[in-house]
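Colleague: The structure file my_file.cif (mmCIF, C-alpha atoms) is provided below.
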```cif
data_input
#
loop_
_atom_site.label_atom_id
_atom_site.label_comp_id
_atom_site.auth_asym_id
_atom_site.auth_seq_id
_atom_site.Cartn_x
_atom_site.Cartn_y
_atom_site.Cartn_z
CA MET A 1 0.00 0.00 0.00
CA ALA A 2 1.09 3.54 -0.69
CA SER A 3 2.31 5.53 2.31
CA THR A 4 -0.41 8.08 1.59
CA ALA A 5 -3.21 5.48 1.51
CA GLY A 6 -6.04 6.34 3.87
CA LYS A 7 -4.72 9.86 4.40
CA VAL A 8 -5.73 13.25 3.06
CA ILE A 9 -3.37 14.40 0.31
CA LYS A 10 -2.55 18.05 -0.23
CA CYS A 11 -1.73 18.90 -3.84
CA ARG A 12 -2.12 21.50 -6.56
CA ALA A 13 -5.29 21.86 -8.57
CA ALA A 14 -6.57 24.36 -11.11
CA VAL A 15 -9.78 25.62 -9.53
CA ALA A 16 -12.55 27.43 -11.42
CA TRP A 17 -14.07 29.72 -8.80
CA GLU A 18 -16.65 31.18 -11.15
CA ALA A 19 -17.80 30.94 -14.73
CA ALA A 20 -15.46 32.10 -17.49
CA LYS A 21 -12.86 33.44 -15.04
CA PRO A 22 -9.24 32.23 -15.24
CA LEU A 23 -8.49 29.07 -13.30
CA VAL A 24 -6.48 29.54 -10.12
CA ILE A 25 -3.75 27.12 -9.05
CA GLU A 26 -4.66 26.32 -5.45
CA GLU A 27 -3.55 23.89 -2.80
CA VAL A 28 -6.46 21.51 -2.26
CA GLU A 29 -7.07 18.65 0.09
CA VAL A 30 -8.04 15.37 -1.56
CA ALA A 31 -9.79 12.91 0.75
CA PRO A 32 -9.10 9.16 0.65
CA PRO A 33 -11.28 7.05 -1.64
CA GLN A 34 -14.42 5.56 -0.11
CA ALA A 35 -16.02 2.22 -1.02
CA MET A 36 -15.77 1.44 -4.75
CA GLU A 37 -13.64 4.53 -5.35
CA VAL A 38 -10.07 5.00 -6.53
CA ARG A 39 -7.65 7.85 -5.90
CA LEU A 40 -5.49 8.61 -8.92
CA LYS A 41 -2.28 10.52 -9.37
CA ILE A 42 -2.78 12.42 -12.60
CA LEU A 43 0.41 12.63 -14.66
CA TYR A 44 -0.98 14.10 -17.88
CA THR A 45 -4.24 15.78 -18.74
CA SER A 46 -5.45 17.63 -21.81
CA LEU A 47 -7.99 20.35 -22.44
CA CYS A 48 -11.15 19.32 -24.27
CA HIS A 49 -13.70 21.73 -25.67
CA THR A 50 -16.24 20.22 -23.28
CA ASP A 51 -14.23 21.61 -20.37
CA VAL A 52 -14.32 25.07 -21.92
CA TYR A 53 -18.04 24.79 -22.68
CA PHE A 54 -18.99 24.02 -19.09
CA TRP A 55 -16.44 26.46 -17.69
CA GLU A 56 -18.17 29.22 -19.68
CA ALA A 57 -21.50 28.00 -18.21
CA LYS A 58 -23.52 29.69 -20.94
CA GLY A 59 -25.92 26.84 -21.54
CA GLN A 60 -26.19 24.80 -18.36
CA THR A 61 -26.54 24.95 -14.60
CA PRO A 62 -23.40 26.60 -13.18
CA VAL A 63 -21.64 24.54 -10.50
CA PHE A 64 -18.77 26.41 -8.83
CA PRO A 65 -16.15 26.32 -7.41
CA ARG A 66 -15.16 23.34 -9.49
CA ILE A 67 -12.21 21.36 -10.76
CA PHE A 68 -12.63 20.61 -14.45
CA GLY A 69 -10.75 18.14 -16.64
CA HIS A 70 -11.73 14.69 -17.87
CA GLU A 71 -9.20 13.66 -20.52
CA ALA A 72 -6.16 12.30 -18.70
CA GLY A 73 -3.75 9.53 -17.82
CA GLY A 74 -2.28 8.57 -14.49
CA VAL A 75 -1.57 5.87 -11.94
CA VAL A 76 -3.60 4.45 -9.08
CA GLU A 77 -2.44 5.86 -5.72
CA SER A 78 -4.87 3.96 -3.49
CA VAL A 79 -8.19 2.15 -3.66
CA GLY A 80 -11.28 2.10 -1.49
CA GLU A 81 -13.13 -0.80 0.05
CA GLY A 82 -14.50 -3.33 -2.43
CA VAL A 83 -12.13 -2.45 -5.28
CA THR A 84 -10.56 -5.66 -6.57
CA ASP A 85 -9.78 -4.96 -10.23
CA LEU A 86 -7.22 -2.21 -9.57
CA ALA A 87 -4.18 -1.81 -7.35
CA PRO A 88 -1.74 1.00 -6.50
CA GLY A 89 0.68 1.57 -9.35
CA ASP A 90 -1.69 0.51 -12.14
CA HIS A 91 -1.61 2.77 -15.19
CA VAL A 92 -5.10 4.02 -15.96
CA LEU A 93 -7.30 6.39 -17.93
CA PRO A 94 -10.30 8.02 -16.23
CA VAL A 95 -13.52 7.94 -18.26
CA PHE A 96 -16.58 10.08 -17.65
CA THR A 97 -19.07 7.51 -18.93
CA GLY A 98 -18.36 4.58 -16.68
CA GLU A 99 -19.62 1.02 -16.36
CA CYS A 100 -21.17 -0.60 -13.32
CA LYS A 101 -21.11 -3.88 -15.32
CA GLU A 102 -24.49 -4.89 -13.91
CA CYS A 103 -27.26 -2.73 -15.40
CA ALA A 104 -29.11 -3.44 -18.65
CA HIS A 105 -27.01 -0.89 -20.53
CA CYS A 106 -23.73 -2.39 -19.39
CA ARG A 107 -24.89 -5.88 -20.35
CA SER A 108 -26.00 -4.71 -23.78
CA GLU A 109 -23.71 -4.56 -26.80
CA GLU A 110 -25.78 -1.66 -28.15
CA SER A 111 -25.27 0.91 -25.37
CA ASN A 112 -22.76 2.29 -22.92
CA MET A 113 -25.17 4.61 -21.08
CA CYS A 114 -24.74 2.98 -17.67
CA ASP A 115 -27.69 3.58 -15.34
CA LEU A 116 -25.37 4.38 -12.45
CA LEU A 117 -22.39 6.07 -14.07
CA ARG A 118 -23.67 7.80 -17.18
CA ILE A 119 -22.43 11.34 -17.64
CA ASN A 120 -24.09 13.93 -15.39
CA THR A 121 -22.68 17.43 -15.84
CA ASP A 122 -24.79 18.93 -13.05
CA ARG A 123 -23.56 16.55 -10.35
CA GLY A 124 -20.53 17.89 -8.52
CA VAL A 125 -20.31 15.25 -5.80
CA MET A 126 -19.54 11.55 -5.48
CA ILE A 127 -22.36 9.08 -6.00
CA SER A 128 -21.83 7.05 -2.83
CA ASP A 129 -22.42 9.76 -0.23
CA GLY A 130 -23.26 12.97 -2.10
CA LYS A 131 -20.08 14.66 -0.86
CA THR A 132 -16.98 16.01 -2.56
CA ARG A 133 -13.48 14.61 -2.09
CA PHE A 134 -11.91 18.04 -2.73
CA SER A 135 -11.79 20.87 -0.25
CA ILE A 136 -9.91 24.07 0.59
CA ASN A 137 -9.90 25.06 4.24
CA GLY A 138 -12.98 22.93 4.78
CA LYS A 139 -14.88 24.46 1.85
CA PRO A 140 -16.02 21.84 -0.68
CA ILE A 141 -14.73 22.09 -4.24
CA TYR A 142 -17.01 20.36 -6.72
CA HIS A 143 -16.18 17.57 -9.14
CA PHE A 144 -16.76 17.58 -12.90
CA VAL A 145 -18.28 14.55 -14.69
CA GLY A 146 -16.82 12.31 -12.01
CA THR A 147 -13.20 12.84 -13.09
CA SER A 148 -11.79 16.32 -12.29
CA THR A 149 -8.35 15.75 -13.77
CA PHE A 150 -7.09 19.32 -13.46
CA SER A 151 -5.75 18.24 -10.10
CA GLU A 152 -2.55 16.35 -9.26
CA TYR A 153 -4.73 13.84 -7.40
CA THR A 154 -8.39 13.03 -7.94
CA VAL A 155 -10.94 10.51 -6.71
CA VAL A 156 -13.21 8.64 -9.12
CA HIS A 157 -15.63 5.74 -9.03
CA VAL A 158 -13.89 2.48 -9.89
CA GLY A 159 -16.28 2.03 -12.81
CA CYS A 160 -14.88 5.20 -14.36
CA VAL A 161 -11.32 3.91 -14.58
CA ALA A 162 -9.80 1.90 -17.43
CA LYS A 163 -6.61 -0.03 -16.74
CA ILE A 164 -4.09 0.15 -19.57
CA ASN A 165 -0.77 -1.35 -20.57
CA PRO A 166 1.97 0.27 -18.44
CA LEU A 167 4.17 0.53 -21.54
CA ALA A 168 1.69 2.89 -23.22
CA PRO A 169 2.97 6.50 -23.07
CA LEU A 170 0.55 8.35 -20.80
CA ASP A 171 1.35 11.70 -22.38
CA LYS A 172 -0.05 10.35 -25.67
CA VAL A 173 -2.78 7.89 -24.72
CA CYS A 174 -4.43 10.33 -22.30
CA VAL A 175 -6.45 11.70 -25.22
CA LEU A 176 -8.08 8.28 -25.61
CA SER A 177 -10.11 8.87 -22.48
CA CYS A 178 -12.45 11.24 -24.30
CA GLY A 179 -12.07 12.87 -27.70
CA ILE A 180 -10.41 10.15 -29.74
CA SER A 181 -12.56 7.30 -28.47
CA THR A 182 -15.72 9.39 -28.77
CA GLY A 183 -15.26 10.20 -32.45
CA LEU A 184 -13.78 6.87 -33.45
CA GLY A 185 -16.46 4.95 -31.58
CA ALA A 186 -19.30 7.04 -32.99
CA THR A 187 -18.26 6.09 -36.50
CA LEU A 188 -17.20 2.48 -36.04
CA ASN A 189 -19.76 1.38 -33.45
CA VAL A 190 -22.80 3.53 -34.22
CA ALA A 191 -22.67 4.84 -37.79
CA LYS A 192 -21.02 1.62 -39.02
CA PRO A 193 -20.23 2.77 -42.57
CA ARG A 194 -19.69 0.00 -45.08
CA LYS A 195 -16.62 -0.34 -47.21
CA GLY A 196 -16.85 1.98 -50.20
CA SER A 197 -19.47 4.23 -48.60
CA THR A 198 -19.57 8.01 -48.39
CA VAL A 199 -19.38 9.74 -45.01
CA ALA A 200 -19.80 13.40 -44.05
CA ILE A 201 -18.13 14.66 -40.87
CA PHE A 202 -19.47 17.90 -39.40
CA GLY A 203 -16.78 19.65 -37.38
CA LEU A 204 -13.08 18.91 -37.79
CA GLY A 205 -11.85 19.30 -34.25
CA ALA A 206 -10.31 16.39 -32.34
CA VAL A 207 -13.60 14.50 -32.11
CA GLY A 208 -14.46 15.11 -35.76
CA LEU A 209 -11.04 14.04 -36.98
CA SER A 210 -11.33 10.91 -34.86
CA ALA A 211 -14.68 10.24 -36.51
CA ALA A 212 -13.02 10.69 -39.89
CA GLU A 213 -10.30 8.25 -38.88
CA GLY A 214 -13.03 5.77 -38.01
CA ALA A 215 -14.54 6.19 -41.46
CA ARG A 216 -11.11 5.64 -43.01
CA LEU A 217 -10.57 2.47 -41.00
CA ALA A 218 -14.01 1.23 -42.05
CA GLY A 219 -13.01 1.59 -45.70
CA ALA A 220 -15.14 4.58 -46.70
CA SER A 221 -14.27 5.64 -50.24
CA ARG A 222 -15.20 9.27 -49.72
CA ILE A 223 -15.00 11.24 -46.49
CA ILE A 224 -16.30 14.79 -46.69
CA GLY A 225 -15.22 17.19 -43.97
CA VAL A 226 -17.57 20.08 -43.17
CA ASP A 227 -16.23 23.00 -41.14
CA LEU A 228 -16.42 26.79 -41.08
CA ASN A 229 -12.66 26.98 -40.50
CA SER A 230 -10.88 26.25 -43.78
CA ARG A 231 -7.51 26.14 -42.00
CA ARG A 232 -8.49 22.74 -40.62
CA PHE A 233 -8.84 21.14 -44.03
CA GLU A 234 -5.16 20.47 -44.71
CA GLU A 235 -4.67 18.73 -41.37
CA ALA A 236 -7.82 16.69 -41.93
CA LYS A 237 -6.27 14.99 -44.96
CA LYS A 238 -4.03 13.05 -42.57
CA PHE A 239 -7.17 11.46 -41.13
CA GLY A 240 -8.59 10.29 -44.43
CA VAL A 241 -10.74 13.27 -45.36
CA THR A 242 -10.98 13.42 -49.15
CA ASP A 243 -13.27 16.41 -49.74
CA PHE A 244 -13.88 19.65 -47.91
CA VAL A 245 -16.90 21.90 -47.65
CA ASN A 246 -16.99 25.27 -45.92
CA PRO A 247 -20.71 26.14 -45.61
CA SER A 248 -19.95 29.87 -45.57
CA GLU A 249 -18.66 29.66 -49.13
CA TYR A 250 -22.02 28.61 -50.58
CA ASN A 251 -25.28 30.46 -51.09
CA LYS A 252 -27.33 27.34 -50.40
CA PRO A 253 -27.75 25.04 -47.40
CA VAL A 254 -24.78 22.74 -46.93
CA GLN A 255 -27.03 19.69 -47.02
CA GLU A 256 -27.96 20.60 -50.59
CA VAL A 257 -24.29 20.96 -51.47
CA LEU A 258 -23.56 17.52 -50.07
CA ALA A 259 -26.54 15.95 -51.84
CA GLU A 260 -25.33 17.34 -55.15
CA MET A 261 -21.80 16.09 -54.49
CA THR A 262 -22.97 12.56 -53.72
CA ASN A 263 -25.84 11.98 -56.12
CA GLY A 264 -28.61 12.24 -53.55
CA GLY A 265 -26.89 12.24 -50.19
CA VAL A 266 -24.17 10.58 -48.13
CA ASP A 267 -24.50 7.10 -46.68
CA ARG A 268 -23.52 8.25 -43.19
CA SER A 269 -23.08 11.57 -41.44
CA VAL A 270 -21.45 12.20 -38.07
CA GLU A 271 -22.13 15.53 -36.36
CA CYS A 272 -19.41 16.62 -33.92
CA THR A 273 -20.13 20.29 -33.18
CA GLY A 274 -23.25 20.45 -31.01
CA ASN A 275 -24.60 23.23 -33.23
CA ILE A 276 -28.31 22.71 -33.78
CA ASN A 277 -28.14 23.87 -37.40
CA ALA A 278 -25.32 21.45 -38.11
CA MET A 279 -27.45 18.70 -36.60
CA ILE A 280 -30.30 19.54 -38.95
CA SER A 281 -27.89 19.55 -41.89
CA ALA A 282 -26.50 16.18 -40.79
CA PHE A 283 -29.99 14.73 -40.86
CA GLU A 284 -30.91 16.27 -44.18
CA CYS A 285 -27.71 15.38 -46.04
CA VAL A 286 -28.02 11.60 -45.77
CA HIS A 287 -29.42 9.55 -48.63
CA ASP A 288 -33.07 8.62 -48.40
CA GLY A 289 -33.83 4.99 -47.70
CA TRP A 290 -30.57 3.97 -46.06
CA GLY A 291 -28.75 7.06 -44.85
CA VAL A 292 -27.87 7.26 -41.15
CA ALA A 293 -27.02 10.40 -39.17
CA VAL A 294 -25.17 10.15 -35.84
CA LEU A 295 -25.18 13.09 -33.43
CA VAL A 296 -22.11 13.31 -31.21
CA GLY A 297 -21.96 17.00 -30.32
CA VAL A 298 -23.65 18.26 -27.14
CA PRO A 299 -26.11 21.07 -27.90
CA HIS A 300 -26.78 24.11 -25.73
CA LYS A 301 -29.26 22.98 -23.07
CA ASP A 302 -31.87 25.48 -24.31
CA ALA A 303 -31.32 24.68 -27.97
CA GLU A 304 -34.29 23.20 -29.77
CA LEU A 305 -34.53 21.26 -32.98
CA GLU A 306 -35.99 23.82 -35.35
CA LEU A 307 -39.06 21.95 -36.56
CA GLU A 308 -40.33 25.16 -38.16
CA LYS A 309 -37.78 24.65 -40.92
CA PHE A 310 -39.56 21.45 -41.92
CA ILE A 311 -43.01 23.07 -41.93
CA THR A 312 -43.41 25.13 -45.07
CA HIS A 313 -47.21 25.50 -45.33
CA THR A 314 -50.27 25.55 -43.09
CA VAL A 315 -53.83 25.12 -44.36
CA SER A 316 -57.26 24.59 -42.83
CA PHE A 317 -58.98 21.21 -42.97
CA SER A 318 -61.29 22.41 -45.72
CA GLU A 319 -58.20 23.29 -47.77
CA ILE A 320 -56.65 19.82 -47.50
CA ASN A 321 -56.42 19.52 -51.26
CA LYS A 322 -53.97 22.41 -51.26
CA ALA A 323 -51.67 20.24 -49.21
CA PHE A 324 -51.83 17.64 -51.97
CA GLU A 325 -51.01 20.30 -54.53
CA TYR A 326 -48.00 21.52 -52.59
CA MET A 327 -46.62 18.00 -52.29
CA LEU A 328 -47.32 17.02 -55.88
CA ASN A 329 -45.65 20.20 -57.11
CA GLY A 330 -42.62 19.65 -54.88
CA GLU A 331 -43.31 22.86 -52.95
CA GLY A 332 -41.79 22.68 -49.51
CA LEU A 333 -41.42 19.83 -47.05
CA ARG A 334 -44.43 19.52 -44.79
CA CYS A 335 -47.86 21.12 -44.90
CA ILE A 336 -49.67 21.25 -41.55
CA ILE A 337 -53.43 20.79 -41.76
CA ARG A 338 -55.33 22.70 -39.08
CA MET A 339 -58.36 20.57 -38.23
CA ALA A 340 -60.41 23.40 -36.72
CA ASP A 341 -61.42 25.75 -39.54
#
```
Would you kindly transcribe this structure into structure tokens?

Modeller:
Amino acid sequence: MASTAGKVIKCRAAVAWEAAKPLVIEEVEVAPPQAMEVRLKILYTSLCHTDVYFWEAKGQTPVFPRIFGHEAGGVVESVGEGVTDLAPGDHVLPVFTGECKECAHCRSEESNMCDLLRINTDRGVMISDGKTRFSINGKPIYHFVGTSTFSEYTVVHVGCVAKINPLAPLDKVCVLSCGISTGLGATLNVAKPRKGSTVAIFGLGAVGLSAAEGARLAGASRIIGVDLNSRRFEEAKKFGVTDFVNPSEYNKPVQEVLAEMTNGGVDRSVECTGNINAMISAFECVHDGWGVAVLVGVPHKDAELELEKFITHTVSFSEINKAFEYMLNGEGLRCIIRMAD
């Protein structure tokens, strides 16, 4: 056992005291892990856009003071009661969507949305007792998605830790704990493009490029990257992207551009921005009959799918034949029939 096992550890952490204000390097106290928890020594962590999004707190419930960070690599310092799969010294990656290994989701090959450990951005405490493991002078500092890796030591549920090969370089594989696995998995495990298919990737950040890499590995013959930042296009070629579309350079919706490029639409689309308009475009750019759109990006909590864009006409019940005319003439998408004249 580590000499620090069972004791409070004092270490440095980057604390967000309030929304959108610079993080402050503070000395925090990290309590020992409780039952089914693990205390990790974080050696490398990286900044993901999700951290920035929730730090800005523009579209969700603000929880402060808080220690952000969720993409990281480290070693196990000590384990709590009941932990048998991990031991001090193990090399690990923390993951924000954990596995209890017992619920219906964990037993299914179609889902990883664990009933117990699925991501919860509003929860700033540990599941077992509703308390934090971080504090400064007795004041609780809240957790972020159960990981809080912007601290030299952190405490996580054992189900949110993946043991890895100790020979794997932690300064490289730390990105596997979020962005890379998210994009790659969305394409390979959800979109499942067939060999020779066409795939559109919306957003060419780390997650989007990982999604493109997944399409390349699956054997897609054409991978179309969609992004408002044209400077990303050259880098995207390294990940298999064959075509590039900057929506701002066209005077028509990007889904129409993609449909024209692919003779009716792409076979698969993967949306990695969280922008509601990009989501709509991802839906509308896939080929009818077999096209599949996968949404990876997290939208603003108040964002709504703009159904109004699909509704192009409204008529009274007595005018129902006008609805037929609109459809037969190819005018618009949906005509709503108001039953009460």

Colleague: Would you tabulate, counting only C-alpha atoms, all residues of region 79-146 of chain A that have an atom at most 12 Å from an atom of region 42-47 of chain A, showing the closest pair of atoms and their distance in Å to one decimal, sorted by chain then ascending number, as a tab-separated table?

Modeller:
```
residue	atom	partner	partner_atom	distance
A:Gly89	CA	A:Ile42	CA	11.8
A:Asp90	CA	A:Ile42	CA	12.0
A:His91	CA	A:Ile42	CA	10.1
A:Val92	CA	A:Ile42	CA	9.3
A:Leu93	CA	A:Ile42	CA	9.2
A:Pro94	CA	A:Ile42	CA	9.4
```

Colleague: Using CA of Pro193 (chain A) and CA of Ile180 (chain A) as the two end points, give the distance in Å to one decimal.

Modeller: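 Taking CA of Pro193 (chain A) as the start and CA of Ile180 (chain A) as the end point, the length is 17.8 Å.
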
Colleague: Quick check on the file I pasted: which residues fall under the PyMOL selection byres ((chain A and resi 53-63) around 10)? Write them as an MDAnalysis selection string.

Modeller: chainID A and resid 16:23 48:52 64:68 121:124 141:144 298:303

Colleague: Determine, counting all atoms listed in the file, which protein, DNA and RNA residues have an atom within 6 Å of an atom of Val95 (chain A); residues of the same chain fewer than 6 positions away are not included. Present the result as a PyMOL selection string.

Modeller: chain A and resi 160-161+177

Colleague: For Arg232 (chain A), list every protein, DNA or RNA residue within 10 Å, evaluated using all atoms listed in the file, and leave out those in the same chain fewer than 6 positions away; present the list as a list in words.

Modeller: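 The filter keeps Gly203, Leu204, Gly205, Leu209, Gly225, Val226 and Phe244 of chain A.
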
Colleague: Output C-alpha atoms of each residue in that selection to a file, as a tab-separated table (two decimals), in the coordinates of the input.

Modeller:
```tsv
chain	number	residue	atom	x	y	z
A	203	GLY	CA	-16.78	19.65	-37.38
A	204	LEU	CA	-13.08	18.91	-37.79
A	205	GLY	CA	-11.85	19.30	-34.25
A	209	LEU	CA	-11.04	14.04	-36.98
A	225	GLY	CA	-15.22	17.19	-43.97
A	226	VAL	CA	-17.57	20.08	-43.17
A	244	PHE	CA	-13.88	19.65	-47.91
```

Colleague: Using only C-alpha atoms for the distances, tell me which of A:Thr314, A:Cys114, A:Glu319, A:Thr147 is nearest to Arg334 (chain A).

Modeller: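 Once distances to Arg334 (chain A) are computed over only C-alpha atoms, the minimum belongs to A:Thr314.
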
Colleague: Expressed in Å to a single decimal, how great is the separation between CA of Ser3 (chain A) and CA of Asp85 (chain A)?

Modeller: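 Straight-line distance from CA of Ser3 (chain A) to CA of Asp85 (chain A) works out to 20.3 Å.
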
Colleague: Evaluate the PyMOL selection byres ((chain A and resi 24-35) around 6) on the structure here and hand back the selected residues as a PyMOL selection string.

Modeller: chain A and resi 6-15+23+36-39+80-82+133-136

Colleague: Distance CA of Thr312 (chain A)-CA of Ile336 (chain A), one decimal place?

Modeller: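 CA of Thr312 (chain A) sits 8.2 Å away from CA of Ile336 (chain A).
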
Colleague: If you count only C-alpha atoms, which residues fall within 10 Å of Asp115 (chain A), apart from same-chain ones fewer than 4 positions away, as a ChimeraX atom specification?

Modeller: /A:98-106,119

Colleague: Got time to write the residues from that selection, C-alpha atoms, as a PDB file, in the frame of the given file?

Modeller:
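out-v1.pdb, freshly written:
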```
ATOM      1  CA  GLY A  98     -18.360   4.580 -16.680  1.00  0.00           C
ATOM      2  CA  GLU A  99     -19.620   1.020 -16.360  1.00  0.00           C
ATOM      3  CA  CYS A 100     -21.170  -0.600 -13.320  1.00  0.00           C
ATOM      4  CA  LYS A 101     -21.110  -3.880 -15.320  1.00  0.00           C
ATOM      5  CA  GLU A 102     -24.490  -4.890 -13.910  1.00  0.00           C
ATOM      6  CA  CYS A 103     -27.260  -2.730 -15.400  1.00  0.00           C
ATOM      7  CA  ALA A 104     -29.110  -3.440 -18.650  1.00  0.00           C
ATOM      8  CA  HIS A 105     -27.010  -0.890 -20.530  1.00  0.00           C
ATOM      9  CA  CYS A 106     -23.730  -2.390 -19.390  1.00  0.00           C
ATOM     10  CA  ILE A 119     -22.430  11.340 -17.640  1.00  0.00           C
TER      11      ILE A 119
END
```

Colleague: For each of A:Ile224, A:Val241, A:Val190, A:Met327, take the minimum atom-to-atom distance to Ser111 (chain A), counting only C-alpha atoms, then give the residue where this is smallest.

Modeller: A:Val190

Colleague: When the PyMOL selection byres ((chain A and resi 278-292) around 8) is applied to the file above, which residues end up in the set, as a list in words?

Modeller: Ala191, Ala200, Phe202, Pro253, Val254, Gln255, Glu256, Leu258, Ala259, Gly264, Gly265, Val266, Asp267, Arg268, Ser269, Val270, Glu271, Thr273, Gly274, Asn275, Ile276, Asn277, Ala293, Val294, Leu295, Leu305 and Glu306 of chain A

Colleague: Edge lengths and centre in Å to one decimal, as JSON, of the axis-aligned box that encloses all listed atoms of region 39-58 of chain A with 6 Å added on every side?

Modeller:
```
{"center_x": -11.6, "center_y": 18.8, "center_z": -15.8, "size_x": 35.9, "size_y": 33.8, "size_z": 31.8}
```

Colleague: Because the input lacks atoms here, generate all heavy atoms for region 64-70 of chain A and report them as an mmCIF file, keeping the file's coordinate frame.

Modeller:
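As a result, result.cif now contains:
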```
data_model
loop_
_atom_site.group_PDB
_atom_site.id
_atom_site.type_symbol
_atom_site.label_atom_id
_atom_site.label_comp_id
_atom_site.auth_asym_id
_atom_site.auth_seq_id
_atom_site.Cartn_x
_atom_site.Cartn_y
_atom_site.Cartn_z
ATOM 1 N N PHE A 64 -20.079 25.863 -9.199
ATOM 2 C CA PHE A 64 -18.770 26.410 -8.830
ATOM 3 C C PHE A 64 -18.690 26.555 -7.319
ATOM 4 O O PHE A 64 -19.724 26.675 -6.658
ATOM 5 C CB PHE A 64 -18.553 27.767 -9.501
ATOM 6 C CG PHE A 64 -18.468 27.705 -11.007
ATOM 7 C CD1 PHE A 64 -19.592 27.933 -11.782
ATOM 8 C CD2 PHE A 64 -17.277 27.385 -11.643
ATOM 9 C CE1 PHE A 64 -19.527 27.858 -13.166
ATOM 10 C CE2 PHE A 64 -17.194 27.309 -13.019
ATOM 11 C CZ PHE A 64 -18.328 27.559 -13.784
ATOM 12 N N PRO A 65 -17.459 26.537 -6.779
ATOM 13 C CA PRO A 65 -16.150 26.320 -7.410
ATOM 14 C C PRO A 65 -16.002 24.859 -7.834
ATOM 15 O O PRO A 65 -16.555 23.952 -7.207
ATOM 16 C CB PRO A 65 -15.162 26.673 -6.301
ATOM 17 C CG PRO A 65 -15.919 26.385 -5.038
ATOM 18 C CD PRO A 65 -17.338 26.750 -5.321
ATOM 19 N N ARG A 66 -15.211 24.670 -8.870
ATOM 20 C CA ARG A 66 -15.160 23.340 -9.490
ATOM 21 C C ARG A 66 -13.784 23.061 -10.067
ATOM 22 O O ARG A 66 -13.075 23.980 -10.463
ATOM 23 C CB ARG A 66 -16.204 23.294 -10.610
ATOM 24 C CG ARG A 66 -16.592 21.911 -11.080
ATOM 25 C CD ARG A 66 -17.747 21.988 -12.076
ATOM 26 N NE ARG A 66 -18.571 20.799 -12.002
ATOM 27 C CZ ARG A 66 -19.642 20.580 -12.739
ATOM 28 N NH1 ARG A 66 -20.035 21.499 -13.619
ATOM 29 N NH2 ARG A 66 -20.344 19.474 -12.621
ATOM 30 N N ILE A 67 -13.443 21.790 -10.103
ATOM 31 C CA ILE A 67 -12.210 21.360 -10.760
ATOM 32 C C ILE A 67 -12.604 20.622 -12.032
ATOM 33 O O ILE A 67 -13.224 19.552 -11.969
ATOM 34 C CB ILE A 67 -11.366 20.443 -9.850
ATOM 35 C CG1 ILE A 67 -10.919 21.220 -8.607
ATOM 36 C CG2 ILE A 67 -10.146 19.912 -10.614
ATOM 37 C CD1 ILE A 67 -10.196 20.362 -7.581
ATOM 38 N N PHE A 68 -12.279 21.209 -13.161
ATOM 39 C CA PHE A 68 -12.630 20.610 -14.450
ATOM 40 C C PHE A 68 -11.571 19.581 -14.863
ATOM 41 O O PHE A 68 -10.677 19.245 -14.115
ATOM 42 C CB PHE A 68 -12.760 21.703 -15.517
ATOM 43 C CG PHE A 68 -14.011 22.513 -15.381
ATOM 44 C CD1 PHE A 68 -13.998 23.763 -14.755
ATOM 45 C CD2 PHE A 68 -15.214 22.038 -15.876
ATOM 46 C CE1 PHE A 68 -15.152 24.510 -14.621
ATOM 47 C CE2 PHE A 68 -16.385 22.779 -15.751
ATOM 48 C CZ PHE A 68 -16.348 24.023 -15.121
ATOM 49 N N GLY A 69 -11.692 19.101 -16.100
ATOM 50 C CA GLY A 69 -10.750 18.140 -16.640
ATOM 51 C C GLY A 69 -11.333 16.735 -16.648
ATOM 52 O O GLY A 69 -11.924 16.290 -15.655
ATOM 53 N N HIS A 70 -11.204 16.060 -17.786
ATOM 54 C CA HIS A 70 -11.730 14.690 -17.870
ATOM 55 C C HIS A 70 -10.932 13.818 -18.843
ATOM 56 O O HIS A 70 -11.160 12.620 -18.925
ATOM 57 C CB HIS A 70 -13.204 14.709 -18.300
ATOM 58 C CG HIS A 70 -13.435 15.302 -19.657
ATOM 59 N ND1 HIS A 70 -13.429 16.658 -19.878
ATOM 60 C CD2 HIS A 70 -13.650 14.725 -20.853
ATOM 61 C CE1 HIS A 70 -13.644 16.890 -21.157
ATOM 62 N NE2 HIS A 70 -13.777 15.734 -21.777
#
```
